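Novice: My structure is in input-v1.txt, and what it holds is compact mmCIF, C-alpha atoms:
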```txt
# COMPACT_ATOMS: atom_id res chain seq x y z
CA MET A 1 -41.73 -44.85 -51.39
CA VAL A 2 -39.12 -47.57 -51.37
CA LEU A 3 -36.16 -47.10 -49.04
CA SER A 4 -32.91 -48.97 -49.48
CA LEU A 5 -31.48 -50.22 -46.17
CA SER A 6 -28.37 -52.06 -47.27
CA LYS A 7 -26.58 -52.63 -50.52
CA ASP A 8 -24.23 -55.29 -51.77
CA THR A 9 -22.72 -55.39 -55.25
CA ILE A 10 -21.58 -58.61 -56.87
CA GLN A 11 -19.68 -58.82 -60.13
CA VAL A 12 -20.80 -61.57 -62.45
CA VAL A 13 -18.40 -62.50 -65.22
CA LYS A 14 -18.29 -66.27 -65.21
CA GLU A 15 -20.57 -69.24 -64.63
CA GLN A 16 -19.15 -69.90 -61.15
CA ASP A 17 -20.22 -66.46 -59.92
CA THR A 18 -23.87 -67.45 -60.19
CA VAL A 19 -23.62 -69.89 -57.29
CA PHE A 20 -22.05 -67.20 -55.11
CA LEU A 21 -24.74 -64.72 -56.14
CA LYS A 22 -27.56 -67.15 -55.39
CA ASN A 23 -26.09 -67.86 -51.95
CA ARG A 24 -25.89 -64.14 -51.23
CA VAL A 25 -29.50 -63.62 -52.30
CA LYS A 26 -30.55 -66.49 -50.05
CA GLU A 27 -28.64 -65.04 -47.10
CA THR A 28 -30.26 -61.64 -47.60
CA ALA A 29 -33.72 -63.16 -47.91
CA THR A 30 -33.19 -65.23 -44.77
CA ARG A 31 -32.08 -62.12 -42.88
CA ILE A 32 -35.38 -60.35 -43.47
CA LYS A 33 -37.26 -63.55 -42.54
CA MET A 34 -38.69 -64.24 -45.97
CA GLY A 35 -40.68 -67.47 -46.15
CA LEU A 36 -39.27 -70.55 -47.87
CA VAL A 37 -41.61 -70.35 -50.88
CA ASN A 38 -40.86 -66.69 -51.53
CA GLN A 39 -37.16 -67.34 -50.99
CA THR A 40 -37.20 -70.07 -53.60
CA LYS A 41 -39.10 -67.83 -56.01
CA LEU A 42 -36.60 -65.02 -55.53
CA ILE A 43 -33.60 -67.32 -55.95
CA THR A 44 -35.12 -68.81 -59.08
CA ALA A 45 -35.76 -65.32 -60.46
CA ALA A 46 -32.15 -64.35 -59.68
CA SER A 47 -30.98 -67.53 -61.36
CA GLU A 48 -32.93 -66.72 -64.55
CA LEU A 49 -31.75 -63.13 -64.71
CA VAL A 50 -28.11 -63.85 -63.96
CA ARG A 51 -28.10 -66.52 -66.63
CA ASN A 52 -29.56 -64.09 -69.17
CA MET A 53 -26.94 -61.57 -68.20
CA LEU A 54 -24.11 -64.06 -68.72
CA ARG A 55 -25.49 -65.57 -71.89
CA TYR A 56 -26.70 -62.51 -73.76
CA GLY A 57 -25.06 -59.57 -71.98
CA ASN A 58 -21.49 -60.86 -71.53
CA GLY A 59 -21.76 -60.52 -67.77
CA GLY A 60 -22.21 -57.47 -65.59
CA TYR A 61 -23.00 -56.82 -61.96
CA CYS A 62 -25.88 -57.28 -59.57
CA ASP A 63 -26.94 -55.09 -56.65
CA ILE A 64 -28.61 -56.90 -53.78
CA GLU A 65 -30.54 -54.51 -51.55
CA VAL A 66 -32.74 -54.83 -48.54
CA VAL A 67 -35.60 -52.41 -49.18
CA SER A 68 -38.44 -51.21 -47.05
CA SER A 69 -41.76 -49.66 -47.94
CA GLY A 70 -44.10 -48.88 -45.11
CA ARG A 71 -44.17 -51.96 -42.94
CA ASN A 72 -43.05 -54.22 -45.72
CA ASN A 73 -39.50 -55.44 -46.06
CA GLY A 74 -38.14 -56.97 -49.20
CA VAL A 75 -35.15 -57.72 -51.39
CA ARG A 76 -34.41 -55.72 -54.50
CA LEU A 77 -32.10 -57.12 -57.15
CA THR A 78 -30.77 -54.94 -59.93
CA PHE A 79 -28.96 -56.64 -62.79
CA VAL A 80 -26.91 -54.35 -65.00
CA ASP A 81 -25.05 -55.43 -68.12
CA LYS A 82 -23.42 -53.61 -70.99
CA GLY A 83 -24.41 -56.14 -73.60
CA PRO A 84 -26.12 -55.65 -76.96
CA GLY A 85 -29.45 -54.72 -75.39
CA ILE A 86 -32.96 -55.90 -76.27
CA ALA A 87 -34.56 -54.36 -79.35
CA ASP A 88 -38.15 -55.40 -78.72
CA ILE A 89 -38.92 -55.68 -75.01
CA PRO A 90 -42.64 -56.62 -75.36
CA GLN A 91 -41.59 -59.51 -77.59
CA ALA A 92 -38.89 -60.62 -75.12
CA MET A 93 -41.49 -60.59 -72.35
CA LYS A 94 -43.72 -63.02 -74.26
CA ASP A 95 -43.89 -66.66 -73.14
CA GLY A 96 -41.91 -68.95 -75.37
CA PHE A 97 -39.88 -66.33 -77.23
CA SER A 98 -36.14 -66.93 -77.29
CA THR A 99 -33.30 -65.85 -79.55
CA GLY A 100 -31.23 -68.65 -78.04
CA ARG A 101 -32.50 -72.19 -77.99
CA SER A 102 -34.07 -72.14 -74.57
CA LEU A 103 -37.66 -72.49 -73.38
CA GLY A 104 -38.18 -68.71 -73.57
CA LEU A 105 -39.64 -68.54 -70.09
CA GLY A 106 -36.84 -66.64 -68.33
CA LEU A 107 -38.12 -63.07 -68.48
CA PRO A 108 -41.91 -63.66 -68.47
CA GLY A 109 -41.51 -66.37 -65.82
CA THR A 110 -39.39 -64.09 -63.66
CA ARG A 111 -42.08 -61.42 -63.82
CA ARG A 112 -44.59 -63.91 -62.43
CA LEU A 113 -42.20 -64.93 -59.63
CA VAL A 114 -41.58 -61.47 -58.19
CA ASN A 115 -43.76 -58.60 -56.94
CA GLU A 116 -42.21 -55.79 -58.92
CA PHE A 117 -40.45 -56.04 -62.23
CA ASP A 118 -38.86 -53.38 -64.36
CA ILE A 119 -36.73 -53.72 -67.47
CA LYS A 120 -34.90 -51.00 -69.34
CA SER A 121 -32.78 -51.61 -72.39
CA THR A 122 -31.02 -49.57 -75.02
CA VAL A 123 -29.71 -51.33 -78.09
CA GLY A 124 -25.94 -51.17 -78.13
CA GLU A 125 -25.68 -49.92 -74.56
CA GLY A 126 -27.00 -52.61 -72.29
CA THR A 127 -29.88 -53.81 -70.20
CA THR A 128 -30.98 -53.17 -66.62
CA VAL A 129 -33.49 -55.42 -64.91
CA MET A 130 -34.85 -54.57 -61.46
CA VAL A 131 -36.99 -56.92 -59.39
CA ILE A 132 -38.42 -56.67 -55.87
CA LYS A 133 -39.75 -59.52 -53.79
CA TRP A 134 -41.50 -58.57 -50.56
CA ALA A 135 -40.99 -60.80 -47.54
CA ASN A 136 -44.71 -61.49 -47.28
CA GLY A 137 -45.76 -60.65 -50.80
CA MET B 1 25.38 -56.96 -66.48
CA SER B 2 29.03 -56.14 -66.86
CA LEU B 3 31.53 -58.87 -67.61
CA THR B 4 33.29 -58.51 -64.29
CA THR B 5 30.10 -59.05 -62.33
CA ASN B 6 29.25 -62.07 -64.41
CA ASN B 7 32.65 -63.58 -63.81
CA LEU B 8 32.46 -62.67 -60.18
CA LEU B 9 29.12 -64.41 -59.76
CA LYS B 10 30.38 -67.45 -61.64
CA GLU B 11 33.43 -67.60 -59.44
CA LYS B 12 31.48 -67.15 -56.25
CA LYS B 13 28.76 -69.59 -57.18
CA LYS B 14 29.64 -71.79 -54.19
CA ASN B 15 29.55 -68.85 -51.80
CA ILE B 16 26.20 -67.71 -53.08
CA LEU B 17 24.76 -71.16 -52.66
CA GLU B 18 26.08 -71.43 -49.10
CA LEU B 19 24.77 -68.02 -48.21
CA TRP B 20 21.41 -68.72 -49.80
CA MET B 21 21.07 -72.06 -48.05
CA LYS B 22 21.96 -70.38 -44.77
CA ASN B 23 19.25 -67.77 -45.35
CA GLN B 24 16.70 -70.40 -46.24
CA LEU B 25 17.50 -72.67 -43.33
CA ALA B 26 17.38 -69.75 -40.91
CA ASP B 27 14.00 -68.63 -42.22
CA GLU B 28 11.01 -69.26 -39.97
CA GLY B 29 8.98 -70.42 -42.93
CA LEU B 30 11.26 -73.40 -43.57
CA ARG B 31 9.03 -76.38 -44.29
CA GLU B 32 11.06 -79.42 -43.36
CA ASP B 33 7.81 -81.37 -43.29
CA LEU B 34 7.24 -80.74 -46.99
CA ILE B 35 10.76 -80.77 -48.38
CA SER B 36 13.95 -82.28 -47.02
CA ASN B 37 17.05 -80.11 -46.65
CA GLU B 38 18.94 -82.19 -49.20
CA GLU B 39 16.18 -81.77 -51.73
CA LEU B 40 16.03 -78.06 -51.06
CA ARG B 41 19.76 -77.88 -51.56
CA SER B 42 19.70 -79.69 -54.89
CA GLN B 43 16.81 -77.48 -56.07
CA SER B 44 18.71 -74.38 -55.08
CA GLU B 45 21.91 -75.58 -56.70
CA GLU B 46 20.13 -76.36 -59.93
CA LEU B 47 18.61 -72.91 -60.03
CA ILE B 48 21.89 -71.10 -59.29
CA ASP B 49 23.70 -73.13 -61.93
CA ALA B 50 21.14 -72.22 -64.53
CA LEU B 51 21.05 -68.60 -63.47
CA VAL B 52 24.79 -68.00 -63.37
CA ASP B 53 25.55 -69.94 -66.53
CA ASN B 54 23.02 -67.94 -68.45
CA LEU B 55 24.31 -64.57 -67.39
CA THR B 56 25.78 -62.97 -70.45
CA GLU B 57 27.11 -59.57 -71.08
CA GLY B 58 24.50 -56.91 -71.61
CA ILE B 59 21.70 -59.24 -70.67
CA VAL B 60 18.38 -57.48 -70.36
CA ALA B 61 15.89 -57.88 -67.60
CA ASP B 62 13.32 -59.02 -70.11
CA VAL B 63 12.55 -62.51 -68.85
CA ASN B 64 10.76 -63.34 -72.07
CA ALA B 65 14.09 -63.35 -73.88
CA ASP B 66 15.36 -66.72 -75.10
CA GLU B 67 18.42 -66.62 -72.86
CA TRP B 68 16.18 -66.93 -69.86
CA SER B 69 14.15 -69.93 -70.90
CA PRO B 70 16.30 -72.54 -69.03
CA VAL B 71 16.09 -70.53 -65.80
CA ILE B 72 12.37 -69.95 -66.20
CA GLU B 73 11.84 -73.62 -66.88
CA ILE B 74 13.58 -74.68 -63.68
CA LEU B 75 11.91 -71.96 -61.62
CA GLY B 76 8.50 -72.80 -63.10
CA GLY B 77 9.01 -76.46 -62.27
CA ILE B 78 9.90 -75.62 -58.68
CA ALA B 79 6.94 -73.24 -58.29
CA ILE B 80 4.44 -75.76 -59.68
CA THR B 81 5.73 -78.57 -57.46
CA ARG B 82 5.51 -76.28 -54.46
CA ALA B 83 1.96 -75.29 -55.27
CA ARG B 84 1.00 -78.97 -55.45
CA GLN B 85 2.88 -79.82 -52.26
CA GLY B 86 0.90 -77.18 -50.39
CA PHE B 87 3.50 -74.47 -49.80
CA SER B 88 2.06 -71.04 -49.02
CA PRO B 89 2.67 -68.16 -51.45
CA ARG B 90 4.90 -66.48 -48.84
CA GLU B 91 7.12 -69.54 -48.51
CA THR B 92 7.43 -69.87 -52.27
CA GLY B 93 8.16 -66.16 -52.64
CA ASN B 94 10.82 -66.24 -49.96
CA PHE B 95 12.63 -68.95 -51.90
CA VAL B 96 13.39 -66.45 -54.67
CA PHE B 97 13.73 -63.39 -52.47
CA SER B 98 16.35 -65.02 -50.29
CA LEU B 99 18.41 -65.75 -53.43
CA LYS B 100 18.34 -62.07 -54.29
CA GLU B 101 19.53 -61.29 -50.80
CA ALA B 102 22.44 -63.73 -51.16
CA LEU B 103 23.43 -62.38 -54.59
CA LEU B 104 23.48 -58.80 -53.33
CA GLU B 105 25.47 -59.74 -50.27
CA VAL B 106 28.17 -61.45 -52.32
CA LEU B 107 28.25 -58.54 -54.73
CA GLN B 108 28.64 -56.09 -51.90
CA SER B 109 31.49 -57.93 -50.26
CA GLU B 110 33.37 -58.04 -53.56
CA THR B 111 32.72 -54.50 -54.82
CA LYS B 112 33.29 -52.62 -51.62
CA THR B 113 35.29 -49.73 -53.01
CA ASP B 114 33.29 -48.65 -56.03
CA ALA B 115 29.97 -47.38 -54.75
CA ASP B 116 28.70 -46.35 -58.14
CA ALA B 117 29.41 -49.70 -59.79
CA LEU B 118 27.89 -51.49 -56.80
CA PHE B 119 24.70 -49.51 -57.17
CA GLN B 120 24.47 -50.08 -60.91
CA GLU B 121 25.04 -53.81 -60.61
CA SER B 122 22.67 -54.20 -57.67
CA ARG B 123 19.99 -52.48 -59.64
CA LYS B 124 20.42 -54.91 -62.50
CA ILE B 125 20.38 -57.90 -60.21
CA SER B 126 17.30 -56.54 -58.49
CA ARG B 127 15.51 -56.06 -61.77
CA ILE B 128 16.28 -59.59 -62.94
CA MET B 129 15.34 -61.17 -59.63
CA ASP B 130 12.09 -59.18 -59.49
CA SER B 131 11.10 -60.42 -62.92
CA LEU B 132 11.92 -63.95 -61.82
CA SER B 133 9.75 -63.50 -58.71
CA VAL B 134 6.84 -62.44 -60.88
CA VAL B 135 7.33 -65.56 -62.98
CA THR B 136 7.43 -67.67 -59.83
CA PHE B 137 4.14 -66.25 -58.61
CA GLU B 138 2.46 -66.62 -61.95
CA THR B 139 3.44 -70.26 -62.15
CA PHE B 140 2.59 -70.85 -58.51
CA ILE B 141 -0.93 -69.53 -58.99
CA LYS B 142 -1.30 -71.53 -62.19
CA GLY B 143 -0.34 -74.63 -60.21
CA ARG B 144 -2.95 -73.84 -57.57
CA GLU B 145 -5.60 -73.25 -60.22
CA GLU B 146 -4.84 -76.64 -61.68
CA VAL B 147 -5.48 -78.16 -58.27
CA ILE B 148 -8.83 -76.37 -58.07
CA LEU B 149 -9.83 -77.44 -61.58
CA ARG B 150 -8.98 -81.03 -60.80
CA GLN B 151 -11.12 -80.87 -57.66
CA THR B 152 -14.04 -79.42 -59.63
CA ASP B 153 -13.80 -82.30 -62.06
CA GLU B 154 -13.68 -84.75 -59.20
CA ILE B 155 -16.75 -83.23 -57.57
CA THR B 156 -18.72 -83.43 -60.82
CA GLU B 157 -17.59 -87.01 -61.17
CA ILE B 158 -18.50 -88.20 -57.67
CA SER B 159 -21.68 -86.17 -57.32
CA THR B 160 -23.55 -88.05 -60.01
CA PRO B 161 -23.75 -91.68 -58.95
CA VAL B 162 -26.18 -94.03 -60.62
CA ILE B 163 -27.62 -96.47 -58.09
CA ARG B 164 -29.27 -99.75 -58.94
CA VAL B 165 -32.11 -99.85 -56.43
CA TRP B 166 -33.86 -102.89 -57.85
CA ASP B 167 -33.50 -105.25 -60.74
CA GLY B 168 -34.48 -102.99 -63.65
CA ILE B 169 -34.79 -99.80 -61.60
CA LEU B 170 -32.06 -97.15 -61.46
CA ALA B 171 -31.97 -94.11 -59.19
CA LEU B 172 -29.92 -90.99 -59.72
CA PRO B 173 -29.84 -88.49 -56.87
CA ILE B 174 -28.81 -85.03 -58.06
CA ILE B 175 -27.29 -82.66 -55.52
CA GLY B 176 -26.49 -79.04 -56.26
CA THR B 177 -27.17 -76.86 -59.25
CA LEU B 178 -27.73 -78.52 -62.61
CA ASP B 179 -25.83 -76.65 -65.27
CA SER B 180 -25.18 -77.70 -68.85
CA ALA B 181 -21.91 -79.47 -68.05
CA ARG B 182 -23.41 -81.42 -65.15
CA THR B 183 -26.47 -82.40 -67.15
CA GLN B 184 -24.16 -83.80 -69.79
CA VAL B 185 -22.38 -85.97 -67.21
CA VAL B 186 -25.69 -87.03 -65.62
CA MET B 187 -27.21 -87.95 -68.96
CA GLU B 188 -24.14 -89.88 -70.11
CA ASN B 189 -23.90 -91.87 -66.87
CA LEU B 190 -27.61 -92.61 -66.82
CA LEU B 191 -27.88 -93.73 -70.45
CA GLN B 192 -24.74 -95.85 -70.15
CA GLU B 193 -26.07 -97.52 -67.03
CA ILE B 194 -29.45 -98.20 -68.67
CA VAL B 195 -27.65 -100.09 -71.44
CA GLU B 196 -25.42 -102.00 -69.05
CA THR B 197 -28.10 -103.10 -66.61
CA GLY B 198 -30.96 -103.37 -69.08
CA SER B 199 -33.13 -101.29 -66.76
CA SER B 200 -36.54 -100.09 -67.83
CA ILE B 201 -37.14 -97.43 -65.19
CA ALA B 202 -34.91 -94.55 -64.09
CA ILE B 203 -35.68 -92.28 -61.16
CA LEU B 204 -34.11 -88.81 -61.15
CA ASP B 205 -34.23 -87.46 -57.62
CA ILE B 206 -33.92 -83.67 -57.38
CA SER B 207 -34.36 -83.29 -53.58
CA GLY B 208 -30.86 -81.83 -53.45
CA VAL B 209 -31.36 -79.23 -56.17
CA PRO B 210 -31.86 -75.85 -54.48
CA ALA B 211 -33.84 -74.16 -57.27
CA VAL B 212 -35.38 -75.27 -60.53
CA ASP B 213 -35.28 -72.49 -63.10
CA SER B 214 -36.16 -72.69 -66.77
CA LEU B 215 -32.71 -73.95 -67.82
CA VAL B 216 -32.64 -76.71 -65.18
CA ALA B 217 -36.16 -77.69 -66.26
CA GLN B 218 -35.07 -77.76 -69.87
CA HIS B 219 -32.15 -80.01 -68.96
CA LEU B 220 -34.48 -82.34 -67.06
CA ILE B 221 -36.88 -82.53 -70.01
CA LYS B 222 -33.99 -83.37 -72.33
CA THR B 223 -32.73 -86.11 -70.02
CA VAL B 224 -36.22 -87.61 -69.82
CA SER B 225 -36.60 -87.54 -73.62
CA ALA B 226 -33.23 -89.22 -74.11
CA THR B 227 -34.13 -91.92 -71.59
CA ARG B 228 -37.40 -92.57 -73.41
CA LEU B 229 -35.53 -92.96 -76.68
CA MET B 230 -33.57 -95.74 -75.01
CA GLY B 231 -36.84 -97.47 -74.24
CA ALA B 232 -36.85 -96.74 -70.53
CA GLU B 233 -39.26 -94.67 -68.47
CA CYS B 234 -37.96 -91.75 -66.42
CA ILE B 235 -39.57 -90.54 -63.21
CA ILE B 236 -38.59 -87.29 -61.53
CA SER B 237 -38.90 -87.39 -57.77
CA GLY B 238 -38.08 -85.16 -54.84
CA ILE B 239 -40.12 -82.16 -55.95
CA ARG B 240 -40.49 -80.03 -52.84
CA PRO B 241 -43.62 -77.85 -52.33
CA GLU B 242 -41.76 -74.58 -52.90
CA ILE B 243 -40.18 -75.94 -56.07
CA ALA B 244 -43.59 -77.03 -57.35
CA GLN B 245 -45.00 -73.52 -56.84
CA THR B 246 -42.01 -71.90 -58.49
CA VAL B 247 -42.22 -74.15 -61.52
CA VAL B 248 -45.91 -73.33 -61.93
CA HIS B 249 -45.27 -69.59 -61.72
CA LEU B 250 -42.43 -69.82 -64.19
CA GLY B 251 -44.86 -71.47 -66.59
CA ILE B 252 -42.81 -74.59 -67.22
CA ASP B 253 -44.86 -77.50 -68.54
CA LEU B 254 -43.74 -80.72 -66.90
CA SER B 255 -47.07 -82.51 -67.46
CA THR B 256 -45.54 -84.93 -69.97
CA ILE B 257 -43.18 -86.20 -67.28
CA ILE B 258 -44.09 -88.49 -64.41
CA THR B 259 -43.22 -86.57 -61.24
CA LYS B 260 -43.42 -87.66 -57.61
CA ALA B 261 -42.90 -85.84 -54.33
CA SER B 262 -40.54 -88.37 -52.79
CA LEU B 263 -38.18 -91.12 -53.83
CA ALA B 264 -40.36 -93.60 -51.93
CA SER B 265 -43.46 -92.81 -53.96
CA ALA B 266 -41.42 -92.93 -57.17
CA LEU B 267 -40.15 -96.37 -56.18
CA SER B 268 -43.64 -97.66 -55.38
CA TYR B 269 -44.83 -96.32 -58.75
CA ALA B 270 -41.96 -98.17 -60.41
CA PHE B 271 -42.92 -101.37 -58.60
CA LYS B 272 -46.49 -100.99 -59.84
CA VAL B 273 -45.32 -100.53 -63.43
CA MET B 274 -43.12 -103.60 -63.16
CA ARG B 275 -45.95 -105.56 -61.55
CA LEU B 276 -43.99 -106.09 -58.37
CA GLU B 277 -45.42 -106.06 -54.90
CA VAL B 278 -43.83 -105.37 -51.55
CA LYS B 279 -45.73 -107.16 -48.82
CA LYS B 280 -45.45 -107.46 -45.10
CA ILE B 281 -44.98 -111.10 -44.17
CA PRO B 282 -47.37 -112.19 -41.43
CA ALA B 283 -45.60 -113.28 -38.26
CA VAL B 284 -44.85 -116.98 -38.15
CA GLN B 285 -47.35 -118.64 -35.88
CA LYS B 286 -45.94 -120.75 -33.12
CA PHE B 287 -47.61 -124.02 -32.37
```
What does this structure look like when you write it as structure tokens?
Specialist:
Amino acid sequence: MVLSLSKDTIQVVKEQDTVFLKNRVKETATRIKMGLVNQTKLITAASELVRNMLRYGNGGYCDIEVVSSGRNNGVRLTFVDKGPGIADIPQAMKDGFSTGRSLGLGLPGTRRLVNEFDIKSTVGEGTTVMVIKWANG
Amino acid sequence: MSLTTNNLLKEKKKNILELWMKNQLADEGLREDLISNEELRSQSEELIDALVDNLTEGIVADVNADEWSPVIEILGGIAITRARQGFSPRETGNFVFSLKEALLEVLQSETKTDADALFQESRKISRIMDSLSVVTFETFIKGREEVILRQTDEITEISTPVIRVWDGILALPIIGTLDSARTQVVMENLLQEIVETGSSIAILDISGVPAVDSLVAQHLIKTVSATRLMGAECIISGIRPEIAQTVVHLGIDLSTIITKASLASALSYAFKVMRLEVKKIPAVQKF
């Protein structure tokens, strides 16, 4: 059972918004006393996902939440875009696959950086990616 | 606007100017530190001249119409200069609003008897002045945005210095997020400097980069490859422990690149490659 304690929504439409978003994620992580390594992992994950959203999904918004499950506190990020969607999610989650000309490590790498990862996508409607990083996970 | 009003405004141009100047000088937001009273007066006069001369019969409040272009041009010029000089939006807005006030006051004093005509004409004046205010704000904000853009360019420019730490060794400290545009600037500066100084080793220090994600890593790899094509070796230094762990989890392969934890160890590696040695000189013995 994951409880949401606070919620903050940030619109992402241009490149400059990513810096603001990353700072917000860092603030939230610091507030729940997340360690430096986990903080960096979470910020890197946010950076990957927000870049995907801008590049392939024409922007969208991100919810930053402080969540709690039992004695564990964490940060949940939900990225929602109304872009073209991903046709083959298992393929997109494979290392080294990219429709752009990048390294193809964004999605699979992000999954390794966080504790919980969930992706939902409908072609033509958009993509939602949810990740959770626990403070001591 | 009816012919009589136009003529009236043309006739009373002097009065309007005086009234407007009085309003402006009485305003609390008067910025004598930014603009002298004489300059303000000549700006105001220029605007009134353009405005009154361009009033024609049946003019519409559509400021996009050709008739308005001289007025818009002057107003735009004033708004942009004010944005650059550091006027606040309120002060810039009041410049136009106080003109409206002056126009209405003159109109009222001349059309006392006919309430209906006064109302009709005031409405038209209001509509025109409101459109002009909108134009002023649009231009003002555009002027401010230009200032911001210029600052962004400046930051990109100054935040990527190439330092010659030793004969043949260059260092490039990177601070902040590496995006595509920045990487381009970094790469250009670095490659140019390699040619100019004939250096054989370049050290990219990423201590100031908050997070290394796959795109930043890709940019780093590209920079290293380009440096190698120029015949120089590129070392990446300043990899903090948390960054190292993140890069491993992301699955980025940086094994083809020489990486060091600190700038100091990168420099000592460079010395070794160049067969240089830094030695402590023994104290001079006194006889």
Novice: Between B:Ile239, B:Ala117, B:Leu107, B:Val247, which is the closest to chain A once you count all atoms listed in the file?
Specialist: B:Val247
Novice: Can you pull out the residues contacting Thr122 in chain A? Cut-off 6 Å, using all atoms listed in the file, and skip same-chain residues under 3 positions away; I want them as a list in words.
Specialist: Gly85, Glu125 and Gly126 of chain A
Novice: In Å, rounded to a single decimal, give me how far CA of Arg240 in chain B is from CA of Val165 in chain B.
Specialist: 21.8 Å
Novice: Between B:Asn23, B:Gln108, B:Thr136, B:Thr152, which is the closest to Ile78 in chain B once you count all atoms listed in the file?
Specialist: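 Using all atoms listed in the file, the shortest distance to Ile78 in chain B belongs to B:Thr136.
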Novice: Could you make a table, as JSON lines, of the residues of chain A that have an atom within 9 Å of an atom of chain B, each with its nearest atom pair and distance in Å to one decimal, counting all atoms listed in the file, in chain and number order?
Specialist:
```
{"residue": "A:Val19", "atom": "CA", "partner": "B:Thr177", "partner_atom": "CA", "distance": 8.1}
{"residue": "A:Leu36", "atom": "CA", "partner": "B:Glu242", "partner_atom": "CA", "distance": 6.9}
{"residue": "A:Val37", "atom": "CA", "partner": "B:Glu242", "partner_atom": "CA", "distance": 4.7}
{"residue": "A:Asn38", "atom": "CA", "partner": "B:Glu242", "partner_atom": "CA", "distance": 8.1}
{"residue": "A:Gln39", "atom": "CA", "partner": "B:Glu242", "partner_atom": "CA", "distance": 8.8}
{"residue": "A:Thr40", "atom": "CA", "partner": "B:Ala211", "partner_atom": "CA", "distance": 6.4}
{"residue": "A:Lys41", "atom": "CA", "partner": "B:Thr246", "partner_atom": "CA", "distance": 5.6}
{"residue": "A:Ile43", "atom": "CA", "partner": "B:Ala211", "partner_atom": "CA", "distance": 7.0}
{"residue": "A:Thr44", "atom": "CA", "partner": "B:Asp213", "partner_atom": "CA", "distance": 5.5}
{"residue": "A:Ala45", "atom": "CA", "partner": "B:Asp213", "partner_atom": "CA", "distance": 7.7}
{"residue": "A:Ser47", "atom": "CA", "partner": "B:Asp213", "partner_atom": "CA", "distance": 6.8}
{"residue": "A:Glu48", "atom": "CA", "partner": "B:Asp213", "partner_atom": "CA", "distance": 6.4}
{"residue": "A:Arg51", "atom": "CA", "partner": "B:Leu215", "partner_atom": "CA", "distance": 8.8}
{"residue": "A:Asp95", "atom": "CA", "partner": "B:Gly251", "partner_atom": "CA", "distance": 8.2}
{"residue": "A:Ser102", "atom": "CA", "partner": "B:Leu215", "partner_atom": "CA", "distance": 7.1}
{"residue": "A:Leu103", "atom": "CA", "partner": "B:Ser214", "partner_atom": "CA", "distance": 6.8}
{"residue": "A:Gly104", "atom": "CA", "partner": "B:Ser214", "partner_atom": "CA", "distance": 8.1}
{"residue": "A:Leu105", "atom": "CA", "partner": "B:Ser214", "partner_atom": "CA", "distance": 6.4}
{"residue": "A:Gly106", "atom": "CA", "partner": "B:Ser214", "partner_atom": "CA", "distance": 6.3}
{"residue": "A:Pro108", "atom": "CA", "partner": "B:Leu250", "partner_atom": "CA", "distance": 7.5}
{"residue": "A:Gly109", "atom": "CA", "partner": "B:Leu250", "partner_atom": "CA", "distance": 3.9}
{"residue": "A:Thr110", "atom": "CA", "partner": "B:Leu250", "partner_atom": "CA", "distance": 6.5}
{"residue": "A:Arg111", "atom": "CA", "partner": "B:Leu250", "partner_atom": "CA", "distance": 8.4}
{"residue": "A:Arg112", "atom": "CA", "partner": "B:His249", "partner_atom": "CA", "distance": 5.8}
{"residue": "A:Leu113", "atom": "CA", "partner": "B:His249", "partner_atom": "CA", "distance": 6.0}
```
Novice: Determine the nearest neighbour of Val129 in chain A from the options A:Ala46, A:Val12, A:Met1, A:Ala87, counting all atoms listed in the file.
Specialist: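 Closest candidate: A:Ala46.
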Novice: Quote the spacing between CA of Pro161 in chain B and CA of Ala264 in chain B in Å to one decimal place.
Specialist: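 So the answer is 18.1 Å.
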Novice: Find, counting all atoms listed in the file, the residue in B:Leu190, B:Ala83, B:Ile257, B:Val216 that gets nearest to Glu145 in chain B.
Specialist: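 Ranked by minimum distance to Glu145 in chain B, first place goes to B:Ala83.
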Novice: For a test of reading the model, state the distance in Å between CA of Ser6 in chain A and CA of Asn72 in chain A, rounded to one decimal.
Specialist: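 If I compute the distance from CA of Ser6 in chain A to CA of Asn72 in chain A, I get 14.9 Å.
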Novice: Taking 3 positions as the minimum chain separation for residues in the same chain, which residues sit within 12 Å of Phe20 in chain A when counting all atoms listed in the file? Answer as a PDB file with C-alpha atoms, in the frame of the given file.
Specialist:
```pdb
ATOM      1  CA  THR A   9     -22.720 -55.390 -55.250  1.00  0.00           C
ATOM      2  CA  ILE A  10     -21.580 -58.610 -56.870  1.00  0.00           C
ATOM      3  CA  GLN A  11     -19.680 -58.820 -60.130  1.00  0.00           C
ATOM      4  CA  VAL A  12     -20.800 -61.570 -62.450  1.00  0.00           C
ATOM      5  CA  VAL A  13     -18.400 -62.500 -65.220  1.00  0.00           C
ATOM      6  CA  LYS A  14     -18.290 -66.270 -65.210  1.00  0.00           C
ATOM      7  CA  GLU A  15     -20.570 -69.240 -64.630  1.00  0.00           C
ATOM      8  CA  GLN A  16     -19.150 -69.900 -61.150  1.00  0.00           C
ATOM      9  CA  ASP A  17     -20.220 -66.460 -59.920  1.00  0.00           C
ATOM     10  CA  ASN A  23     -26.090 -67.860 -51.950  1.00  0.00           C
ATOM     11  CA  ARG A  24     -25.890 -64.140 -51.230  1.00  0.00           C
ATOM     12  CA  VAL A  25     -29.500 -63.620 -52.300  1.00  0.00           C
ATOM     13  CA  LYS A  26     -30.550 -66.490 -50.050  1.00  0.00           C
ATOM     14  CA  GLU A  27     -28.640 -65.040 -47.100  1.00  0.00           C
ATOM     15  CA  ILE A  43     -33.600 -67.320 -55.950  1.00  0.00           C
ATOM     16  CA  ALA A  46     -32.150 -64.350 -59.680  1.00  0.00           C
ATOM     17  CA  SER A  47     -30.980 -67.530 -61.360  1.00  0.00           C
ATOM     18  CA  VAL A  50     -28.110 -63.850 -63.960  1.00  0.00           C
ATOM     19  CA  CYS A  62     -25.880 -57.280 -59.570  1.00  0.00           C
TER      20      CYS A  62
ATOM     21  CA  THR B 177     -27.170 -76.860 -59.250  1.00  0.00           C
TER      22      THR B 177
END
```
